[in-house]
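Just start35.txt here, compact mmCIF, C-alpha atoms and all ligand atoms:
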```
# COMPACT_ATOMS: atom_id res chain seq x y z
CA MET Z 1 104.03 101.02 62.86
CA SER Z 2 102.04 97.96 63.88
CA ILE Z 3 102.91 96.23 67.17
CA GLY Z 4 102.47 92.56 68.06
CA ILE Z 5 102.88 90.99 71.47
CA ILE Z 6 103.68 87.27 71.67
CA GLY Z 7 102.79 86.02 75.12
CA ALA Z 8 99.90 87.28 77.22
CA GLY Z 9 100.92 86.20 80.70
CA ALA Z 10 102.14 88.39 83.54
CA LEU Z 11 104.47 90.40 81.33
CA GLY Z 12 102.73 90.40 77.95
CA SER Z 13 99.35 91.37 79.39
CA ASN Z 14 100.88 94.24 81.36
CA ILE Z 15 102.76 95.51 78.32
CA ALA Z 16 99.39 95.46 76.56
CA ARG Z 17 97.86 97.40 79.48
CA VAL Z 18 100.57 100.05 79.27
CA LEU Z 19 100.13 100.40 75.51
CA ALA Z 20 96.35 100.53 75.83
CA GLY Z 21 96.58 103.18 78.54
CA ASN Z 22 98.38 105.38 76.06
CA GLY Z 23 96.16 104.63 73.08
CA ILE Z 24 98.84 102.60 71.26
CA ALA Z 25 97.43 99.83 69.07
CA ALA Z 26 98.74 96.27 69.30
CA THR Z 27 97.76 92.68 68.56
CA ILE Z 28 98.38 90.23 71.39
CA ALA Z 29 98.63 86.44 71.11
CA ASN Z 30 99.02 83.54 73.48
CA ARG Z 31 99.25 79.76 73.17
CA ARG Z 32 95.55 79.05 73.70
CA GLY Z 33 94.26 81.36 70.97
CA PRO Z 34 92.37 84.66 70.67
CA ASP Z 35 89.15 83.46 72.32
CA SER Z 36 91.02 82.92 75.57
CA LEU Z 37 91.99 86.61 75.51
CA ALA Z 38 88.43 87.94 75.22
CA GLU Z 39 88.32 89.16 78.82
CA LEU Z 40 91.68 90.92 78.52
CA VAL Z 41 90.85 92.76 75.32
CA GLN Z 42 87.47 93.75 76.70
CA GLU Z 43 89.22 95.25 79.73
CA LEU Z 44 91.78 97.06 77.57
CA GLY Z 45 89.46 98.61 74.99
CA PRO Z 46 89.67 99.01 71.24
CA SER Z 47 93.40 99.65 70.79
CA ILE Z 48 94.35 96.07 71.75
CA MET Z 49 93.21 93.18 69.56
CA ALA Z 50 93.56 89.49 70.32
CA GLY Z 51 95.10 87.62 67.43
CA SER Z 52 96.72 84.39 66.43
CA LEU Z 53 100.42 83.85 66.88
CA ALA Z 54 100.87 84.41 63.13
CA GLU Z 55 98.97 87.71 63.28
CA ALA Z 56 100.99 89.08 66.19
CA ALA Z 57 104.23 87.90 64.59
CA ARG Z 58 103.67 89.77 61.33
CA ALA Z 59 103.71 93.23 62.96
CA ASP Z 60 106.42 95.81 62.26
CA ILE Z 61 107.51 95.59 65.90
CA VAL Z 62 107.06 92.27 67.71
CA ILE Z 63 107.44 92.16 71.48
CA VAL Z 64 108.39 88.69 72.71
CA ALA Z 65 107.07 87.98 76.21
CA LEU Z 66 107.51 84.20 76.29
CA ARG Z 67 109.14 81.97 78.87
CA TRP Z 68 112.71 81.15 77.90
CA VAL Z 69 111.98 77.44 77.51
CA ASP Z 70 109.36 78.20 74.83
CA LEU Z 71 111.42 80.60 72.74
CA GLU Z 72 113.23 78.33 70.33
CA LYS Z 73 110.18 76.28 69.42
CA VAL Z 74 107.75 79.19 69.09
CA LEU Z 75 110.06 81.62 67.30
CA GLY Z 76 111.51 78.87 65.11
CA GLY Z 77 108.10 78.27 63.55
CA LEU Z 78 107.54 81.86 62.43
CA PRO Z 79 108.03 83.36 58.95
CA ALA Z 80 111.12 85.39 58.02
CA TRP Z 81 111.72 88.61 59.92
CA ASN Z 82 113.15 90.58 56.99
CA GLY Z 83 114.59 93.38 59.11
CA ARG Z 84 111.51 93.87 61.29
CA ILE Z 85 112.07 94.87 64.92
CA VAL Z 86 111.83 92.26 67.66
CA ILE Z 87 111.86 93.37 71.28
CA ASP Z 88 113.41 90.78 73.57
CA ALA Z 89 111.57 91.18 76.86
CA THR Z 90 112.64 87.77 78.14
CA ASN Z 91 115.01 86.54 80.82
CA PRO Z 92 116.89 83.23 80.92
CA VAL Z 93 115.12 81.67 83.86
CA ALA Z 94 113.02 78.55 84.29
CA PHE Z 95 109.78 78.75 86.25
CA LEU Z 96 109.66 76.01 88.86
CA ASP Z 97 106.82 73.79 89.93
CA PRO Z 98 106.57 74.52 93.68
CA ASP Z 99 106.45 70.78 94.37
CA SER Z 100 109.53 69.95 92.28
CA PRO Z 101 112.92 69.13 93.84
CA ASP Z 102 114.38 72.22 92.11
CA ALA Z 103 112.01 74.46 94.06
CA LYS Z 104 113.44 73.14 97.32
CA ASP Z 105 117.08 72.99 96.18
CA PRO Z 106 119.13 74.82 98.85
CA THR Z 107 121.86 75.57 96.29
CA ASN Z 108 119.44 77.53 94.11
CA PRO Z 109 119.58 81.17 95.31
CA LEU Z 110 116.38 81.93 93.40
CA ALA Z 111 114.26 79.08 94.76
CA ALA Z 112 112.30 81.49 96.95
CA TYR Z 113 111.21 83.32 93.79
CA GLY Z 114 110.10 80.10 92.12
CA ILE Z 115 112.73 80.31 89.38
CA LYS Z 116 116.18 79.03 88.50
CA VAL Z 117 118.83 80.23 86.11
CA ILE Z 118 119.09 78.54 82.73
CA ASP Z 119 122.68 77.74 81.81
CA LEU Z 120 123.51 79.36 78.48
CA GLY Z 121 127.09 78.15 78.41
CA GLY Z 122 128.57 81.53 79.24
CA LYS Z 123 126.64 83.46 76.57
CA HIS Z 124 124.39 86.36 77.50
CA SER Z 125 120.73 85.78 76.85
CA SER Z 126 120.22 88.28 74.04
CA ALA Z 127 123.14 86.76 72.16
CA VAL Z 128 121.23 83.49 72.24
CA PHE Z 129 117.88 85.17 71.62
CA ARG Z 130 119.04 86.80 68.38
CA THR Z 131 119.90 83.38 66.95
CA PHE Z 132 116.20 82.49 67.34
CA VAL Z 133 115.11 85.44 65.16
CA PRO Z 134 117.57 85.56 62.24
CA GLY Z 135 117.17 88.65 60.09
CA ALA Z 136 115.36 90.63 62.81
CA ARG Z 137 116.63 93.84 64.38
CA VAL Z 138 116.66 92.92 68.07
CA VAL Z 139 116.22 95.46 70.84
CA LYS Z 140 116.24 94.28 74.44
CA ALA Z 141 113.70 96.16 76.57
CA PHE Z 142 110.82 95.68 79.03
CA ASN Z 143 112.66 92.75 80.68
CA HIS Z 144 114.17 94.23 83.82
CA LEU Z 145 111.15 95.49 85.77
CA ALA Z 146 108.65 93.29 87.55
CA ALA Z 147 105.54 93.13 85.39
CA GLU Z 148 103.50 95.04 88.00
CA ALA Z 149 105.96 97.95 87.94
CA LEU Z 150 105.17 98.45 84.26
CA LEU Z 151 101.74 99.64 85.28
CA LYS Z 152 103.22 102.60 87.17
CA PRO Z 153 105.59 104.64 84.99
CA ALA Z 154 104.95 107.69 87.19
CA VAL Z 155 106.29 107.05 90.67
CA ALA Z 156 107.75 108.99 93.62
CA GLY Z 157 107.30 112.28 91.79
CA GLY Z 158 109.30 111.13 88.79
CA GLN Z 159 109.44 108.73 85.86
CA ARG Z 160 110.47 105.11 86.18
CA ALA Z 161 113.50 104.33 84.00
CA LEU Z 162 113.35 101.67 81.31
CA PHE Z 163 116.61 100.39 79.87
CA TYR Z 164 116.97 99.37 76.26
CA SER Z 165 119.86 98.16 74.11
CA GLY Z 166 120.40 97.08 70.53
CA ASP Z 167 122.75 97.17 67.59
CA GLU Z 168 120.81 99.28 65.14
CA ALA Z 169 120.10 102.98 65.66
CA ASP Z 170 116.81 103.20 63.75
CA ALA Z 171 115.32 100.19 65.55
CA LYS Z 172 116.39 101.61 68.89
CA ALA Z 173 114.90 105.01 68.07
CA LYS Z 174 111.54 103.39 67.33
CA VAL Z 175 111.58 101.42 70.59
CA ARG Z 176 112.68 104.51 72.48
CA LYS Z 177 109.64 106.33 71.10
CA ILE Z 178 107.33 103.62 72.45
CA ILE Z 179 109.04 103.83 75.85
CA GLU Z 180 108.57 107.61 75.85
CA GLN Z 181 104.95 107.36 74.72
CA THR Z 182 104.18 105.02 77.61
CA GLY Z 183 105.52 107.50 80.16
CA PHE Z 184 108.80 105.79 81.08
CA TYR Z 185 112.20 107.42 81.00
CA PRO Z 186 114.30 105.61 78.37
CA ILE Z 187 117.97 104.89 79.06
CA ASP Z 188 120.06 103.65 76.14
CA LEU Z 189 122.59 101.07 77.34
CA GLY Z 190 124.36 100.71 74.00
CA THR Z 191 124.69 97.59 71.91
CA LEU Z 192 123.06 94.28 72.65
CA ASP Z 193 126.39 92.83 73.72
CA VAL Z 194 126.87 95.67 76.24
CA GLY Z 195 123.34 96.40 77.44
CA GLY Z 196 122.01 92.85 77.24
CA PRO Z 197 124.20 91.40 79.99
CA LEU Z 198 123.75 94.52 82.13
CA THR Z 199 120.00 94.11 82.41
CA SER Z 200 119.64 90.36 82.14
CA LEU Z 201 117.93 88.83 85.12
CA PRO Z 202 118.80 87.50 87.56
CA PHE Z 203 122.43 88.51 87.93
CA GLY Z 204 123.04 91.38 85.51
CA PRO Z 205 124.25 94.41 87.51
CA LEU Z 206 121.21 96.41 86.38
CA GLY Z 207 118.93 93.37 86.26
CA THR Z 208 116.80 94.50 89.14
CA ALA Z 209 117.57 98.22 89.02
CA ASN Z 210 114.40 100.20 89.50
CA LEU Z 211 115.52 103.76 88.89
CA VAL Z 212 113.32 106.85 88.99
CA ARG Z 213 114.18 110.05 87.16
CA ILE Z 214 113.11 112.97 89.32
N1 LIG M 301 106.59 88.17 85.09
C1 LIG M 301 107.43 89.18 85.23
O1 LIG M 301 107.35 89.99 86.20
C2 LIG M 301 108.49 89.41 84.20
C3 LIG M 301 109.22 90.61 84.22
C4 LIG M 301 110.21 90.82 83.27
C5 LIG M 301 110.48 89.83 82.31
N2 LIG M 301 109.76 88.66 82.34
C6 LIG M 301 110.08 87.65 81.31
O2 LIG M 301 108.97 87.64 80.41
C7 LIG M 301 108.78 86.33 79.88
C8 LIG M 301 107.35 85.90 80.14
O3 LIG M 301 107.16 85.82 81.55
P1 LIG M 301 105.69 85.79 82.16
O4 LIG M 301 105.86 85.92 83.64
O5 LIG M 301 104.80 86.73 81.42
O6 LIG M 301 105.27 84.26 81.80
P2 LIG M 301 103.80 83.65 81.75
O7 LIG M 301 102.90 84.41 82.65
O8 LIG M 301 103.94 82.21 81.93
O9 LIG M 301 103.33 83.95 80.24
C9 LIG M 301 103.86 83.24 79.15
C10 LIG M 301 102.95 83.47 77.96
O10 LIG M 301 103.53 82.80 76.83
C11 LIG M 301 102.45 82.24 76.10
N3 LIG M 301 102.86 81.19 75.19
C12 LIG M 301 103.42 79.98 75.49
N4 LIG M 301 103.58 79.27 74.35
C13 LIG M 301 103.10 80.04 73.34
C14 LIG M 301 102.93 79.85 71.94
N5 LIG M 301 103.27 78.69 71.36
N6 LIG M 301 102.40 80.86 71.21
C15 LIG M 301 102.03 82.02 71.78
N7 LIG M 301 102.13 82.26 73.12
C16 LIG M 301 102.65 81.27 73.88
C17 LIG M 301 101.51 81.72 77.17
O11 LIG M 301 100.24 81.47 76.60
P3 LIG M 301 99.08 80.75 77.46
O12 LIG M 301 98.69 81.74 78.53
O13 LIG M 301 97.99 80.51 76.47
O14 LIG M 301 99.68 79.50 78.05
C18 LIG M 301 101.53 82.89 78.14
O15 LIG M 301 100.57 83.85 77.75
C19 LIG M 301 109.83 85.43 80.56
O16 LIG M 301 110.94 85.32 79.72
C20 LIG M 301 110.18 86.21 81.82
O17 LIG M 301 111.47 85.91 82.30
C21 LIG M 301 108.78 88.43 83.23
```

Could the structure of this file be written out as structure tokens, please?
Ligand SMILES: NC(=O)c1ccc[n+]([C@@H]2O[C@H](COP(=O)([O-])OP(=O)(O)OC[C@H]3O[C@@H](n4cnc5c(N)ncnc54)[C@H](OP(=O)(O)O)[C@@H]3O)[C@@H](O)[C@H]2O)c1
Amino acid sequence: MSIGIIGAGALGSNIARVLAGNGIAATIANRRGPDSLAELVQELGPSIMAGSLAEAARADIVIVALRWVDLEKVLGGLPAWNGRIVIDATNPVAFLDPDSPDAKDPTNPLAAYGIKVIDLGGKHSSAVFRTFVPGARVVKAFNHLAAEALLKPAVAGGQRALFYSGDEADAKAKVRKIIEQTGFYPIDLGTLDVGGPLTSLPFGPLGTANLVRI
């Protein structure tokens, strides 16, 4: 099963690090192109290749690690998914310019974190996400831990838990296998409509849960 990662920022690069650390091959892409990822792929060794957006997007399993505001445009320009697996690792937040009025808005409870919630009109984010990837089998995973925590699956004498949810058993089983191979403890939260809202940042009840299986 080939793996592509779209987005090579804080989250995408650390997902690549976790995969590389376990010898799992993947192609990673960003906006600026493969040359800009030369340092990262040199650090990570031969299992991770830098590719174009099109190359990462044609994998059997595509991990989306883009900012919410970029999703519709980037995903909308990609070829048909034809039942391939897409991992939604995103959260519906906007990253704020520290000098913008939003960053100093006292009514924004997340201003201190440099983010604000994006209003999705009452829908949960994976319900919106799946409309951006018609024909894909969507599994939500890798979205609820801070990117740095992904580098430490073994912690406090146990395994850090990683939640996942989705509507299709085979797709979930394949994602679960990746979670297991990377040393995390997988917890199946059910369908996308059940698990998605539970883990969605910032206000899902499990959105910031950092559980360790001892
Ligand atoms: N950071 C975290 O701790 C964390 C944890 C859990 C979930 N998340 C979620 O993960 C997502 C990404 O967050 P992040 O912190 O990793 O953001 P980030 O550091 O800003 O990274 C975003 C990445 O998207 C790439 N990108 C933008 N437009 C693109 C395009 N047209 N084609 C290909 N790549 C494109 C950027 O490429 P360039 O570098 O070339 O601009 C960059 O590599 C967000 O939805 C966030 O909510 C983040």

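You will find atom CA of Z:Ile3 at 6.4 Å from atom CA of Z:Thr27.
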
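From atom CA of Z:Leu162 back to atom CA of Z:Val175, the distance works out to 10.9 Å.
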
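Atom CA of Z:Thr199 lies 25.5 Å from atom CA of Z:Ala56.
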
Close residues to ligand LIG 301 (chain M) using all atoms listed in the file, limit 6 Å, as a short mmCIF file (atom, residue, chain, number, x, y, z; two decimals) with C-alpha atoms, in the coordinates of the input:
```cif
data_model
loop_
_atom_site.label_atom_id
_atom_site.label_comp_id
_atom_site.auth_asym_id
_atom_site.auth_seq_id
_atom_site.Cartn_x
_atom_site.Cartn_y
_atom_site.Cartn_z
CA ILE Z 6 103.68 87.27 71.67
CA GLY Z 7 102.79 86.02 75.12
CA ALA Z 8 99.90 87.28 77.22
CA GLY Z 9 100.92 86.20 80.70
CA ALA Z 10 102.14 88.39 83.54
CA LEU Z 11 104.47 90.40 81.33
CA GLY Z 12 102.73 90.40 77.95
CA ALA Z 29 98.63 86.44 71.11
CA ASN Z 30 99.02 83.54 73.48
CA ARG Z 31 99.25 79.76 73.17
CA ARG Z 32 95.55 79.05 73.70
CA LEU Z 53 100.42 83.85 66.88
CA ALA Z 65 107.07 87.98 76.21
CA LEU Z 66 107.51 84.20 76.29
CA ARG Z 67 109.14 81.97 78.87
CA TRP Z 68 112.71 81.15 77.90
CA ASP Z 70 109.36 78.20 74.83
CA VAL Z 74 107.75 79.19 69.09
CA ALA Z 89 111.57 91.18 76.86
CA THR Z 90 112.64 87.77 78.14
CA ASN Z 91 115.01 86.54 80.82
CA VAL Z 93 115.12 81.67 83.86
CA ASN Z 143 112.66 92.75 80.68
CA HIS Z 144 114.17 94.23 83.82
CA LEU Z 145 111.15 95.49 85.77
CA ALA Z 146 108.65 93.29 87.55
CA ALA Z 147 105.54 93.13 85.39
#
```

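Shortest atom-to-atom contact with Z:Leu201 among Z:Ala26, Z:Ala103, Z:Ile115, Z:Ala149: Z:Ile115, counting all atoms listed in the file.
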
Would you be able to write out as a PyMOL selection string which residues have an atom within 12 Å of (109.6, 100.9, 66.6) in the file's coordinates, counting only C-alpha atoms?
chain Z and resi 1-4+24+59-63+83-87+137-139+141+168-181

Residue with smallest distance to Z:Ile187 - pool Z:Arg213, Z:Lys152, Z:Arg58, Z:Lys73, counting all atoms listed in the file:
Z:Arg213

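Closest approach to Z:Gly21 from the set Z:Gly51, Z:Pro205, Z:Pro186, Z:Pro153 is made by Z:Pro153, with distances taken over only C-alpha atoms.
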
Which residues are near Z:Pro202? Cut-off 12 Å, all atoms listed in the file, ignore same chain within fewer than 4 positions. Put them as a ChimeraX atom specification.
/Z:90-94,108-111,113,115-119,124-125,143-146,197-198,206-209

Within 6 Å of Z:Val212, counting only C-alpha atoms, which residues show up once you throw out same-chain ones fewer than 2 positions away? Write them as a VMD selection string, please.
chain Z and resid 158 to 161
